[in-house]
Each structure stands twice: as structure tokens, then as C-alpha cells.
>>> print(open('protein-v6.cif').read())   # mmCIF, C-alpha atoms
data_run
loop_
_atom_site.group_PDB
_atom_site.id
_atom_site.type_symbol
_atom_site.label_atom_id
_atom_site.label_comp_id
_atom_site.auth_asym_id
_atom_site.auth_seq_id
_atom_site.Cartn_x
_atom_site.Cartn_y
_atom_site.Cartn_z
ATOM 1 C CA MET U 890 39.229 -120.477 -1.215
ATOM 2 C CA PRO U 891 35.736 -121.990 -0.727
ATOM 3 C CA SER U 892 34.371 -118.486 -0.132
ATOM 4 C CA LEU U 893 35.224 -117.301 -3.670
ATOM 5 C CA PRO U 894 32.350 -119.057 -5.467
ATOM 6 C CA GLU U 895 29.905 -117.781 -2.834
ATOM 7 C CA GLU U 896 31.100 -114.196 -3.339
ATOM 8 C CA LYS U 897 30.725 -114.572 -7.100
ATOM 9 C CA THR U 898 27.211 -115.948 -6.732
ATOM 10 C CA THR U 899 26.226 -113.090 -4.429
ATOM 11 C CA SER U 900 27.687 -110.542 -6.871
ATOM 12 C CA VAL U 901 25.771 -111.980 -9.808
ATOM 13 C CA SER U 902 22.579 -112.070 -7.756
ATOM 14 C CA ILE U 903 22.944 -108.400 -6.863
ATOM 15 C CA ALA U 904 23.639 -107.502 -10.481
ATOM 16 C CA GLY U 905 20.659 -109.544 -11.585
ATOM 17 C CA ARG U 906 18.331 -107.819 -9.151
ATOM 18 C CA PHE U 907 19.612 -104.428 -10.297
ATOM 19 C CA PHE U 908 19.000 -105.103 -13.997
ATOM 20 C CA ILE U 909 15.574 -106.613 -13.352
ATOM 21 C CA PHE U 910 14.654 -103.519 -11.340
ATOM 22 C CA TRP U 911 16.049 -101.162 -13.993
ATOM 23 C CA GLU U 912 14.128 -102.869 -16.799
ATOM 24 C CA LYS U 913 10.853 -102.650 -14.890
ATOM 25 C CA ALA U 914 11.016 -99.328 -13.082
ATOM 26 C CA GLY U 915 14.478 -97.775 -13.344
ATOM 27 C CA ILE U 916 13.738 -95.221 -16.062
ATOM 28 C CA LEU U 917 10.476 -94.168 -14.398
ATOM 29 C CA LEU U 918 12.233 -93.744 -11.040
ATOM 30 C CA ALA U 919 15.000 -91.715 -12.729
ATOM 31 C CA PHE U 920 12.349 -89.468 -14.308
ATOM 32 C CA ILE U 921 10.655 -88.877 -10.951
ATOM 33 C CA VAL U 922 13.966 -88.141 -9.199
ATOM 34 C CA VAL U 923 15.019 -85.648 -11.896
ATOM 35 C CA CYS U 924 11.659 -83.856 -11.646
ATOM 36 C CA VAL U 925 11.942 -83.616 -7.859
ATOM 37 C CA VAL U 926 15.520 -82.303 -8.039
ATOM 38 C CA PHE U 927 14.651 -79.594 -10.565
ATOM 39 C CA GLY U 928 11.541 -78.726 -8.559
ATOM 40 C CA ILE U 929 13.735 -78.113 -5.507
ATOM 41 C CA LEU U 930 16.415 -76.193 -7.390
ATOM 42 C CA THR U 931 13.964 -73.969 -9.290
ATOM 43 C CA PRO U 932 10.367 -73.724 -8.017
ATOM 44 C CA VAL U 933 9.278 -72.349 -11.423
ATOM 45 C CA PHE U 934 9.777 -75.858 -12.801
ATOM 46 C CA PHE U 935 6.399 -77.062 -11.510
ATOM 47 C CA HIS U 936 4.516 -73.978 -12.689
ATOM 48 C CA PRO U 937 1.607 -75.070 -14.942
ATOM 49 C CA LEU U 938 2.798 -72.895 -17.827
ATOM 50 C CA ASN U 939 6.246 -74.456 -17.681
ATOM 51 C CA ILE U 940 4.818 -77.992 -17.540
ATOM 52 C CA LEU U 941 2.661 -77.126 -20.572
ATOM 53 C CA ASN U 942 5.727 -75.851 -22.398
ATOM 54 C CA VAL U 943 7.698 -79.005 -21.591
ATOM 55 C CA ILE U 944 5.077 -81.431 -22.860
ATOM 56 C CA ARG U 945 4.642 -79.399 -26.050
ATOM 57 C CA GLN U 946 8.365 -79.519 -26.726
ATOM 58 C CA VAL U 947 8.545 -83.204 -25.860
ATOM 59 C CA SER U 948 5.765 -83.966 -28.347
ATOM 60 C CA ILE U 949 7.939 -83.030 -31.330
ATOM 61 C CA ILE U 950 10.799 -85.282 -30.228
ATOM 62 C CA GLY U 951 8.440 -87.930 -28.879
ATOM 63 C CA VAL U 952 6.569 -88.491 -32.139
ATOM 64 C CA MET U 953 9.878 -89.229 -33.854
ATOM 65 C CA ALA U 954 11.013 -91.386 -30.942
ATOM 66 C CA VAL U 955 8.009 -93.630 -31.590
ATOM 67 C CA GLY U 956 9.195 -94.197 -35.156
ATOM 68 C CA MET U 957 12.826 -94.537 -34.113
ATOM 69 C CA THR U 958 11.788 -97.310 -31.724
ATOM 70 C CA PHE U 959 10.720 -99.448 -34.697
ATOM 71 C CA VAL U 960 14.065 -98.871 -36.418
ATOM 72 C CA ILE U 961 16.250 -99.495 -33.364
ATOM 73 C CA LEU U 962 14.257 -102.624 -32.512
ATOM 74 C CA LEU U 963 15.614 -103.898 -35.840
ATOM 75 C CA ALA U 964 19.161 -102.911 -34.751
ATOM 76 C CA GLY U 965 19.062 -99.971 -37.169
ATOM 77 C CA ILE U 966 19.612 -96.230 -36.801
ATOM 78 C CA ASP U 967 18.477 -93.083 -38.600
ATOM 79 C CA LEU U 968 20.484 -89.860 -38.457
ATOM 80 C CA SER U 969 18.346 -88.003 -40.994
ATOM 81 C CA VAL U 970 15.266 -87.287 -38.855
ATOM 82 C CA GLY U 971 16.287 -83.685 -38.122
ATOM 83 C CA SER U 972 16.714 -82.962 -41.822
ATOM 84 C CA ILE U 973 13.358 -84.600 -42.588
ATOM 85 C CA VAL U 974 11.755 -82.264 -40.040
ATOM 86 C CA ALA U 975 13.334 -79.249 -41.731
ATOM 87 C CA PHE U 976 12.529 -80.349 -45.290
ATOM 88 C CA THR U 977 8.916 -81.366 -44.662
ATOM 89 C CA GLY U 978 8.410 -78.213 -42.608
ATOM 90 C CA ILE U 979 9.669 -75.952 -45.389
ATOM 91 C CA ILE U 980 7.510 -77.797 -47.938
ATOM 92 C CA ALA U 981 4.459 -77.280 -45.722
ATOM 93 C CA ALA U 982 5.317 -73.592 -45.313
ATOM 94 C CA ALA U 983 5.793 -73.202 -49.067
ATOM 95 C CA PHE U 984 2.348 -74.696 -49.751
ATOM 96 C CA GLN U 985 0.850 -72.391 -47.143
ATOM 97 C CA VAL U 986 2.505 -69.169 -48.291
ATOM 98 C CA LYS U 987 3.819 -69.558 -51.851
ATOM 99 C CA TRP U 988 2.051 -72.448 -53.564
ATOM 100 C CA GLY U 989 -1.634 -71.702 -53.237
ATOM 101 C CA GLY U 990 -2.341 -71.941 -49.529
ATOM 102 C CA SER U 991 -4.060 -75.349 -49.659
ATOM 103 C CA LEU U 992 -4.432 -76.759 -46.150
ATOM 104 C CA PHE U 993 -4.887 -80.282 -47.516
ATOM 105 C CA LEU U 994 -1.715 -80.214 -49.629
ATOM 106 C CA SER U 995 0.338 -78.492 -46.932
ATOM 107 C CA ILE U 996 -0.408 -81.436 -44.615
ATOM 108 C CA VAL U 997 -0.594 -84.459 -46.914
ATOM 109 C CA VAL U 998 2.364 -83.733 -49.203
ATOM 110 C CA PRO U 999 4.918 -83.261 -46.371
ATOM 111 C CA LEU U 1000 3.718 -86.468 -44.708
ATOM 112 C CA LEU U 1001 4.092 -88.379 -47.984
ATOM 113 C CA ILE U 1002 7.524 -86.844 -48.542
ATOM 114 C CA GLY U 1003 8.609 -87.861 -45.048
ATOM 115 C CA ALA U 1004 7.393 -91.413 -45.667
ATOM 116 C CA GLY U 1005 9.156 -91.394 -49.043
ATOM 117 C CA ILE U 1006 12.465 -90.358 -47.506
ATOM 118 C CA GLY U 1007 12.087 -93.102 -44.914
ATOM 119 C CA PHE U 1008 11.347 -95.609 -47.681
ATOM 120 C CA PHE U 1009 14.456 -94.421 -49.537
ATOM 121 C CA ASN U 1010 16.625 -94.869 -46.432
ATOM 122 C CA GLY U 1011 15.240 -98.343 -45.781
ATOM 123 C CA PHE U 1012 15.405 -99.485 -49.397
ATOM 124 C CA VAL U 1013 18.978 -98.354 -50.006
ATOM 125 C CA SER U 1014 20.266 -99.759 -46.711
ATOM 126 C CA THR U 1015 18.596 -103.166 -47.144
ATOM 127 C CA LYS U 1016 18.774 -103.737 -50.879
ATOM 128 C CA GLY U 1017 22.108 -101.979 -51.273
ATOM 129 C CA GLY U 1018 23.691 -103.820 -48.361
ATOM 130 C CA LEU U 1019 24.773 -100.573 -46.702
ATOM 131 C CA HIS U 1020 24.666 -99.859 -42.998
ATOM 132 C CA PRO U 1021 21.778 -97.492 -42.128
ATOM 133 C CA PHE U 1022 24.267 -95.210 -40.377
ATOM 134 C CA ILE U 1023 25.977 -94.449 -43.706
ATOM 135 C CA VAL U 1024 22.761 -94.124 -45.722
ATOM 136 C CA THR U 1025 21.012 -91.826 -43.258
ATOM 137 C CA LEU U 1026 24.162 -89.754 -42.760
ATOM 138 C CA GLY U 1027 24.055 -89.063 -46.490
ATOM 139 C CA SER U 1028 20.318 -88.359 -46.363
ATOM 140 C CA MET U 1029 20.875 -85.924 -43.521
ATOM 141 C CA SER U 1030 23.090 -83.807 -45.760
ATOM 142 C CA ILE U 1031 20.949 -84.220 -48.891
ATOM 143 C CA PHE U 1032 17.712 -83.028 -47.353
ATOM 144 C CA ARG U 1033 19.307 -80.267 -45.312
ATOM 145 C CA GLY U 1034 20.618 -78.917 -48.614
ATOM 146 C CA ALA U 1035 17.226 -79.477 -50.261
ATOM 147 C CA THR U 1036 15.644 -77.399 -47.496
ATOM 148 C CA LEU U 1037 17.913 -74.474 -48.345
ATOM 149 C CA LEU U 1038 17.129 -74.827 -52.042
ATOM 150 C CA VAL U 1039 13.352 -74.801 -51.588
ATOM 151 C CA ALA U 1040 13.487 -71.866 -49.193
ATOM 152 C CA GLN U 1041 16.020 -69.942 -51.280
ATOM 153 C CA GLY U 1042 18.006 -69.351 -48.102
ATOM 154 C CA ARG U 1043 15.165 -67.594 -46.240
ATOM 155 C CA PRO U 1044 12.552 -68.666 -43.676
ATOM 156 C CA ILE U 1045 8.957 -68.868 -44.920
ATOM 157 C CA SER U 1046 6.461 -67.340 -42.486
ATOM 158 C CA GLY U 1047 2.753 -66.574 -42.265
ATOM 159 C CA MET U 1048 0.639 -69.734 -41.887
ATOM 160 C CA SER U 1049 -3.146 -69.904 -41.823
ATOM 161 C CA PRO U 1050 -4.932 -70.230 -38.449
ATOM 162 C CA GLU U 1051 -6.151 -73.697 -39.464
ATOM 163 C CA PHE U 1052 -2.617 -74.897 -40.115
ATOM 164 C CA ARG U 1053 -1.338 -73.327 -36.918
ATOM 165 C CA PHE U 1054 -3.789 -75.453 -34.923
ATOM 166 C CA ILE U 1055 -1.561 -78.500 -35.581
ATOM 167 C CA GLY U 1056 1.236 -77.158 -33.413
ATOM 168 C CA ALA U 1057 -0.424 -74.508 -31.274
ATOM 169 C CA GLY U 1058 -4.050 -75.609 -30.934
ATOM 170 C CA MET U 1059 -5.745 -76.862 -27.785
ATOM 171 C CA VAL U 1060 -8.388 -79.531 -27.326
ATOM 172 C CA GLY U 1061 -9.807 -78.462 -24.003
ATOM 173 C CA PRO U 1062 -6.828 -78.120 -21.645
ATOM 174 C CA ILE U 1063 -4.626 -80.450 -23.714
ATOM 175 C CA PRO U 1064 -2.313 -79.160 -26.479
ATOM 176 C CA PHE U 1065 -3.094 -80.825 -29.810
ATOM 177 C CA PRO U 1066 0.572 -81.898 -30.343
ATOM 178 C CA VAL U 1067 0.360 -83.860 -27.085
ATOM 179 C CA ILE U 1068 -2.705 -85.688 -28.399
ATOM 180 C CA LEU U 1069 -0.794 -86.546 -31.582
ATOM 181 C CA PHE U 1070 2.161 -87.783 -29.526
ATOM 182 C CA LEU U 1071 0.175 -89.907 -27.108
ATOM 183 C CA GLY U 1072 -1.981 -91.207 -29.950
ATOM 184 C CA SER U 1073 1.105 -92.348 -31.857
ATOM 185 C CA VAL U 1074 2.435 -94.050 -28.707
ATOM 186 C CA VAL U 1075 -0.817 -95.954 -28.142
ATOM 187 C CA VAL U 1076 -1.153 -97.022 -31.780
ATOM 188 C CA ALA U 1077 2.501 -98.077 -32.017
ATOM 189 C CA GLY U 1078 2.245 -99.945 -28.706
ATOM 190 C CA ILE U 1079 -0.734 -101.920 -29.964
ATOM 191 C CA VAL U 1080 0.988 -102.632 -33.286
ATOM 192 C CA LEU U 1081 4.161 -103.885 -31.612
ATOM 193 C CA ARG U 1082 2.483 -106.028 -28.955
ATOM 194 C CA LYS U 1083 -0.751 -107.201 -30.550
ATOM 195 C CA THR U 1084 -0.087 -107.692 -34.278
ATOM 196 C CA VAL U 1085 1.880 -110.037 -36.502
ATOM 197 C CA PHE U 1086 3.835 -107.048 -37.798
ATOM 198 C CA GLY U 1087 5.019 -106.227 -34.280
ATOM 199 C CA ARG U 1088 5.972 -109.813 -33.501
ATOM 200 C CA TYR U 1089 7.992 -109.952 -36.710
ATOM 201 C CA ILE U 1090 9.792 -106.726 -35.770
ATOM 202 C CA TYR U 1091 10.931 -108.274 -32.485
ATOM 203 C CA ALA U 1092 11.831 -111.557 -34.180
ATOM 204 C CA ILE U 1093 13.953 -109.845 -36.838
ATOM 205 C CA GLY U 1094 15.655 -107.621 -34.280
ATOM 206 C CA GLY U 1095 16.407 -110.571 -32.027
ATOM 207 C CA ASN U 1096 17.811 -112.862 -34.726
ATOM 208 C CA PRO U 1097 17.511 -111.764 -38.381
ATOM 209 C CA GLU U 1098 18.991 -114.999 -39.737
ATOM 210 C CA ALA U 1099 16.502 -117.153 -37.857
ATOM 211 C CA ALA U 1100 13.660 -114.848 -38.923
ATOM 212 C CA LEU U 1101 14.712 -115.174 -42.564
ATOM 213 C CA LEU U 1102 14.866 -118.955 -42.309
ATOM 214 C CA SER U 1103 11.382 -118.895 -40.770
ATOM 215 C CA GLY U 1104 10.032 -117.313 -43.936
ATOM 216 C CA ILE U 1105 9.792 -113.720 -42.701
ATOM 217 C CA ARG U 1106 10.541 -111.178 -45.430
ATOM 218 C CA VAL U 1107 13.162 -109.348 -43.419
ATOM 219 C CA ASP U 1108 13.946 -106.633 -45.969
ATOM 220 C CA ARG U 1109 10.278 -105.718 -46.340
ATOM 221 C CA TYR U 1110 9.828 -105.155 -42.604
ATOM 222 C CA LYS U 1111 13.021 -103.139 -42.336
ATOM 223 C CA ILE U 1112 11.880 -100.872 -45.166
ATOM 224 C CA LEU U 1113 8.467 -100.499 -43.528
ATOM 225 C CA ALA U 1114 10.076 -99.524 -40.224
ATOM 226 C CA PHE U 1115 12.099 -96.748 -41.873
ATOM 227 C CA THR U 1116 8.992 -95.611 -43.762
ATOM 228 C CA ILE U 1117 7.036 -95.330 -40.510
ATOM 229 C CA LEU U 1118 9.852 -93.283 -38.997
ATOM 230 C CA GLY U 1119 9.974 -90.988 -42.037
ATOM 231 C CA PHE U 1120 6.208 -90.442 -41.866
ATOM 232 C CA LEU U 1121 6.359 -89.565 -38.155
ATOM 233 C CA ALA U 1122 9.356 -87.270 -38.728
ATOM 234 C CA GLY U 1123 7.230 -85.510 -41.338
ATOM 235 C CA LEU U 1124 4.462 -85.162 -38.749
ATOM 236 C CA SER U 1125 6.982 -83.621 -36.336
ATOM 237 C CA GLY U 1126 7.981 -81.224 -39.115
ATOM 238 C CA LEU U 1127 4.346 -80.121 -39.423
ATOM 239 C CA ILE U 1128 4.024 -79.678 -35.655
ATOM 240 C CA LEU U 1129 7.202 -77.605 -35.390
ATOM 241 C CA THR U 1130 6.467 -75.409 -38.421
ATOM 242 C CA SER U 1131 2.918 -74.823 -37.245
ATOM 243 C CA ARG U 1132 4.022 -73.959 -33.743
ATOM 244 C CA LEU U 1133 6.694 -71.505 -34.936
ATOM 245 C CA ASN U 1134 4.409 -70.102 -37.655
ATOM 246 C CA SER U 1135 7.462 -70.373 -39.896
ATOM 247 C CA GLY U 1136 9.446 -72.851 -41.946
ATOM 248 C CA GLU U 1137 12.946 -72.447 -40.538
ATOM 249 C CA LEU U 1138 16.156 -73.404 -42.333
ATOM 250 C CA VAL U 1139 17.806 -74.643 -39.140
ATOM 251 C CA ALA U 1140 14.745 -76.526 -37.903
ATOM 252 C CA GLY U 1141 15.495 -79.967 -36.520
ATOM 253 C CA GLN U 1142 19.230 -79.502 -36.080
ATOM 254 C CA GLY U 1143 20.430 -81.825 -33.328
ATOM 255 C CA TYR U 1144 17.043 -83.546 -33.050
ATOM 256 C CA GLU U 1145 18.540 -86.877 -34.044
ATOM 257 C CA LEU U 1146 20.553 -86.840 -30.799
ATOM 258 C CA ASP U 1147 17.476 -86.245 -28.641
ATOM 259 C CA VAL U 1148 15.386 -88.816 -30.520
ATOM 260 C CA ILE U 1149 17.986 -91.577 -30.343
ATOM 261 C CA ALA U 1150 18.701 -90.731 -26.698
ATOM 262 C CA SER U 1151 14.989 -90.962 -25.839
ATOM 263 C CA VAL U 1152 14.704 -94.437 -27.333
ATOM 264 C CA ILE U 1153 17.911 -95.811 -25.810
ATOM 265 C CA ILE U 1154 17.243 -94.319 -22.381
ATOM 266 C CA GLY U 1155 13.754 -95.791 -22.598
ATOM 267 C CA GLY U 1156 15.240 -99.277 -22.662
ATOM 268 C CA THR U 1157 15.271 -100.204 -26.353
ATOM 269 C CA SER U 1158 18.463 -102.105 -27.047
ATOM 270 C CA LEU U 1159 20.792 -101.000 -29.835
ATOM 271 C CA MET U 1160 21.346 -104.712 -30.454
ATOM 272 C CA GLY U 1161 17.696 -104.993 -31.483
ATOM 273 C CA GLY U 1162 14.790 -107.157 -30.353
ATOM 274 C CA GLU U 1163 14.218 -105.552 -26.916
ATOM 275 C CA GLY U 1164 12.285 -102.501 -25.832
ATOM 276 C CA GLY U 1165 9.100 -100.670 -26.747
ATOM 277 C CA VAL U 1166 7.405 -97.338 -27.303
ATOM 278 C CA TYR U 1167 6.221 -96.905 -23.714
ATOM 279 C CA GLY U 1168 9.836 -96.798 -22.576
ATOM 280 C CA SER U 1169 10.545 -94.300 -25.362
ATOM 281 C CA LEU U 1170 7.692 -92.157 -24.001
ATOM 282 C CA ILE U 1171 9.389 -91.928 -20.600
ATOM 283 C CA GLY U 1172 12.776 -91.436 -22.262
ATOM 284 C CA ALA U 1173 11.471 -88.498 -24.294
ATOM 285 C CA LEU U 1174 9.916 -86.960 -21.182
ATOM 286 C CA LEU U 1175 13.186 -87.382 -19.294
ATOM 287 C CA ILE U 1176 15.205 -85.696 -22.061
ATOM 288 C CA GLY U 1177 12.663 -82.875 -22.252
ATOM 289 C CA VAL U 1178 12.661 -82.356 -18.493
ATOM 290 C CA ILE U 1179 16.467 -82.291 -18.345
ATOM 291 C CA SER U 1180 16.652 -79.708 -21.154
ATOM 292 C CA ASN U 1181 13.977 -77.548 -19.568
ATOM 293 C CA GLY U 1182 15.437 -77.787 -16.074
ATOM 294 C CA LEU U 1183 18.921 -76.874 -17.260
ATOM 295 C CA ASN U 1184 17.493 -73.902 -19.174
ATOM 296 C CA LEU U 1185 15.692 -72.681 -16.072
ATOM 297 C CA LEU U 1186 18.933 -72.991 -14.113
ATOM 298 C CA GLY U 1187 20.738 -70.895 -16.733
ATOM 299 C CA VAL U 1188 23.059 -73.689 -17.858
ATOM 300 C CA GLN U 1189 24.685 -72.937 -21.209
ATOM 301 C CA PRO U 1190 23.548 -75.012 -24.222
ATOM 302 C CA TYR U 1191 27.094 -76.360 -24.613
ATOM 303 C CA TRP U 1192 26.895 -78.015 -21.217
ATOM 304 C CA GLN U 1193 23.477 -79.378 -22.083
ATOM 305 C CA MET U 1194 24.967 -81.163 -25.091
ATOM 306 C CA ILE U 1195 27.643 -82.644 -22.831
ATOM 307 C CA VAL U 1196 25.010 -83.868 -20.360
ATOM 308 C CA LYS U 1197 22.904 -85.465 -23.109
ATOM 309 C CA GLY U 1198 25.934 -87.179 -24.607
ATOM 310 C CA ALA U 1199 26.935 -88.544 -21.215
ATOM 311 C CA ILE U 1200 23.398 -89.841 -20.659
ATOM 312 C CA ILE U 1201 23.472 -91.689 -23.985
ATOM 313 C CA ILE U 1202 26.820 -93.318 -23.154
ATOM 314 C CA LEU U 1203 25.540 -94.354 -19.731
ATOM 315 C CA ALA U 1204 22.350 -95.813 -21.208
ATOM 316 C CA VAL U 1205 24.280 -97.813 -23.816
ATOM 317 C CA LEU U 1206 26.731 -98.997 -21.154
ATOM 318 C CA LEU U 1207 23.867 -100.248 -18.998
ATOM 319 C CA ASP U 1208 22.397 -102.028 -22.013
ATOM 320 C CA LYS U 1209 25.714 -103.748 -22.765
ATOM 321 C CA MET U 1210 26.098 -104.820 -19.140
ATOM 322 C CA ARG U 1211 22.552 -106.205 -19.180
ATOM 323 C CA GLN U 1212 23.295 -108.165 -22.344
ATOM 324 C CA ARG U 1213 26.453 -109.634 -20.798
ATOM 325 C CA PHE U 1214 24.604 -110.578 -17.625
ATOM 326 C CA ARG U 1215 21.924 -112.408 -19.615
ATOM 327 C CA ALA U 1216 24.528 -114.193 -21.706
ATOM 328 C CA SER U 1217 26.258 -115.433 -18.558
#
>>> encode(input="protein-v6.cif", output="C-alpha cells")
Amino acid sequence: MPSLPEEKTTSVSIAGRFFIFWEKAGILLAFIVVCVVFGILTPVFFHPLNILNVIRQVSIIGVMAVGMTFVILLAGIDLSVGSIVAFTGIIAAAFQVKWGGSLFLSIVVPLLIGAGIGFFNGFVSTKGGLHPFIVTLGSMSIFRGATLLVAQGRPISGMSPEFRFIGAGMVGPIPFPVILFLGSVVVAGIVLRKTVFGRYIYAIGGNPEAALLSGIRVDRYKILAFTILGFLAGLSGLILTSRLNSGELVAGQGYELDVIASVIIGGTSLMGGEGGVYGSLIGALLIGVISNGLNLLGVQPYWQMIVKGAIIILAVLLDKMRQRFRAS
């Protein structure tokens, strides 16, 4: 009988060490292990052209993951990001091909539309007292339908070389989308860690009632977080449309899964108040590497969806276990 408490203490200690390790280096170690495994299974994985392709693809998801980090830090969610990508992309393509060809308008208007959709999602969910899941589920359908209406059921192709630079240009050896992605990570990291806005985001996500009693305008910061995400989803729409040289009707389908998975795998808690964009950076890279490696191995897309879903469940399970350990 006396040995039981000692066994319990040892078990908790082991669990504690595991979660401390996972929070600090677990996701990075998982990323390295996955890269090594795919490098062994398919030597093409480490070919420079393939690495370049991976980081370009990751940039589109990664930019949105930065914005999604703000929302999930507030214990929110946004399922409409894929539809925002499609809608802003088709608007940009329409300005390029049908509505005068203005480079300025084809960039600025989609970004403003993306921010506007994010503002709409945040405003309705906070002021209307609706869960963001419901609001953004509705937005996902609305703006997917709006994409079809604007495009009249057909892709819009034929962008100018200047516009194509956004998604296909290079600055030296670095793809321009990668610069946009890393730039958004750095800026968001500074905002979250070094500004009052960032501290309020963590405070609201950790305890919204206490934040409200402290005088923080909770609704305002929630709306701002969704607006940031909408803006960055619009930027991803520009990157994708530019890279494809076409506004596609099915653009962004399933992106919400990859974006949310990147943030959760990166260590941002669905309960809010914990995490950051640097973890989301590694999470996005991990998702991109897994997708690329499975493609190189000839794994069917259906199995890839199963793998991604399983990864999300595992990440959420680890987060719940970490929360329980801290509470104990």
C-alpha cells in the first residue's frame, strides 16, 4: 500500500517531463523525424526543386495559419478561409482580365474584401452571440456561391506578368510567397509578444470574463482578430491565383482543414490563451511536408485526408491531456 503514492508521483513526473518537452521541442523534433523518414523512403524528397515546391505550397497555407493563430488564441475558429481564398482570388482575376486590368485594384480590392469578410464573421459572432463555428460555416457557403456567381461558372485566366510576380516571382533565390509568409510570421510574432494588443489577445483567450472585468473591450479584439485572418486569407487568395495564373472556382477547397491543423499541431490550444505563430510556422511546414511526402510515395489523396484528420485528433488529444495535467 505505501508504494501506491510513490508510483503515482513517478507517473505524474514522467507525464510532466513529457509535456514540458513537447511544448518546447516536440513539434520541431516531429518535423525533423518526418523529413528524415521521407528522405529515406524517397530520395527525391530532398531535391532542391522539391524543397522549393514544398515551401511555396506551405506559404499559401502558412499565411492563413498566422491569422488563424489570432482567432484560435481567442478560443475561436474560422471555417470560411478556403472560400475567402476562392472569392478574393476570383475578384483579383476579374480585375486583371475583365474589369480594366488595374494592378492596384486587383491587389487592394481583394485584400479589403478579405478583411471585410473577416470583420463580418467577427461582428456577427460577437455581437450576435453566435458561435464562430456556425457563423463561418455559413460564410463558407455564401462566399463559395459568390465565387461561382462572379466567375459565371468558369475559371478566369490570363494575368499580367506584374501580378504573377506575387505568387511566382523570385527575390534572388527565395520565392516571393515565402517572403510574404515569413514576413507575416515575424510581424505577427512581434505583435503578439511585444504589444498591448498581443497581451490582450492572450488575456482574453485565457479568461474572457476576467479580461472584461479588467476593462478590456473583448468584442473589439475578437472582431479585430477575425479581420486580420480575413485579410491574410485574401493575401493567400492573391498568392494562389497569381501562381496558377487563373482564378479557379474550386480554389481553397479543404484549406480550412490544413490551416486549422497547422495551428493546433503548432501548439496553440483550442481552449485559447496558449500558443503562438512560431509554432504555427512549424505546424504548417509539417503539414506541407507530410502532403508532399505522401504524394511522392504515390499515396492516394483519400488516405492523405485520413492521415491529416488523425493528426488533428492526436494534436487535440495531447492538448487536452496537457490541460488536465496542469489543472492537477
>>> residues_around(input="protein-v6.cif", residues="Gly951 (chain U)", least_positions_apart="4", cutoff="7 Å", atoms="all atoms listed in the file", output="VMD selection string")
chain U and resid 947 955 1070 1170 1173
>>> residues_around(input="protein-v6.cif", residues="region 1053-1058 of chain U", least_positions_apart="2", cutoff="7 Å", atoms="all atoms listed in the file", output="PyMOL selection string")
chain U and resi 1048-1051+1060+1064-1066+1128-1129+1131-1132+1134
>>> atom_distance(input="protein-v6.cif", atom1="CA of Thr1130 (chain U)", atom2="CA of Gly1005 (chain U)")
19.4 Å
>>> residues_near_point(input="protein-v6.cif", point="(17.8, -69.6, -47.4)", cutoff="12 Å", atoms="only C-alpha atoms", output="PyMOL selection string")
chain U and resi 979+1033-1045+1136-1139
>>> axis_aligned_box(input="protein-v6.cif", around="region 1044-1050 of chain U", padding_each_side="3 Å", output="AutoDock Vina command-line options")
--center_x 3.8 --center_y -68.4 --center_z -41.7 --size_x 23.5 --size_y 9.7 --size_z 12.5
>>> closest_residue(input="protein-v6.cif", among="U:Gly978, U:Gly1126, U:Gly1017, U:Pro932", to="Ile1112 (chain U)", atoms="all atoms listed in the file")
U:Gly1017
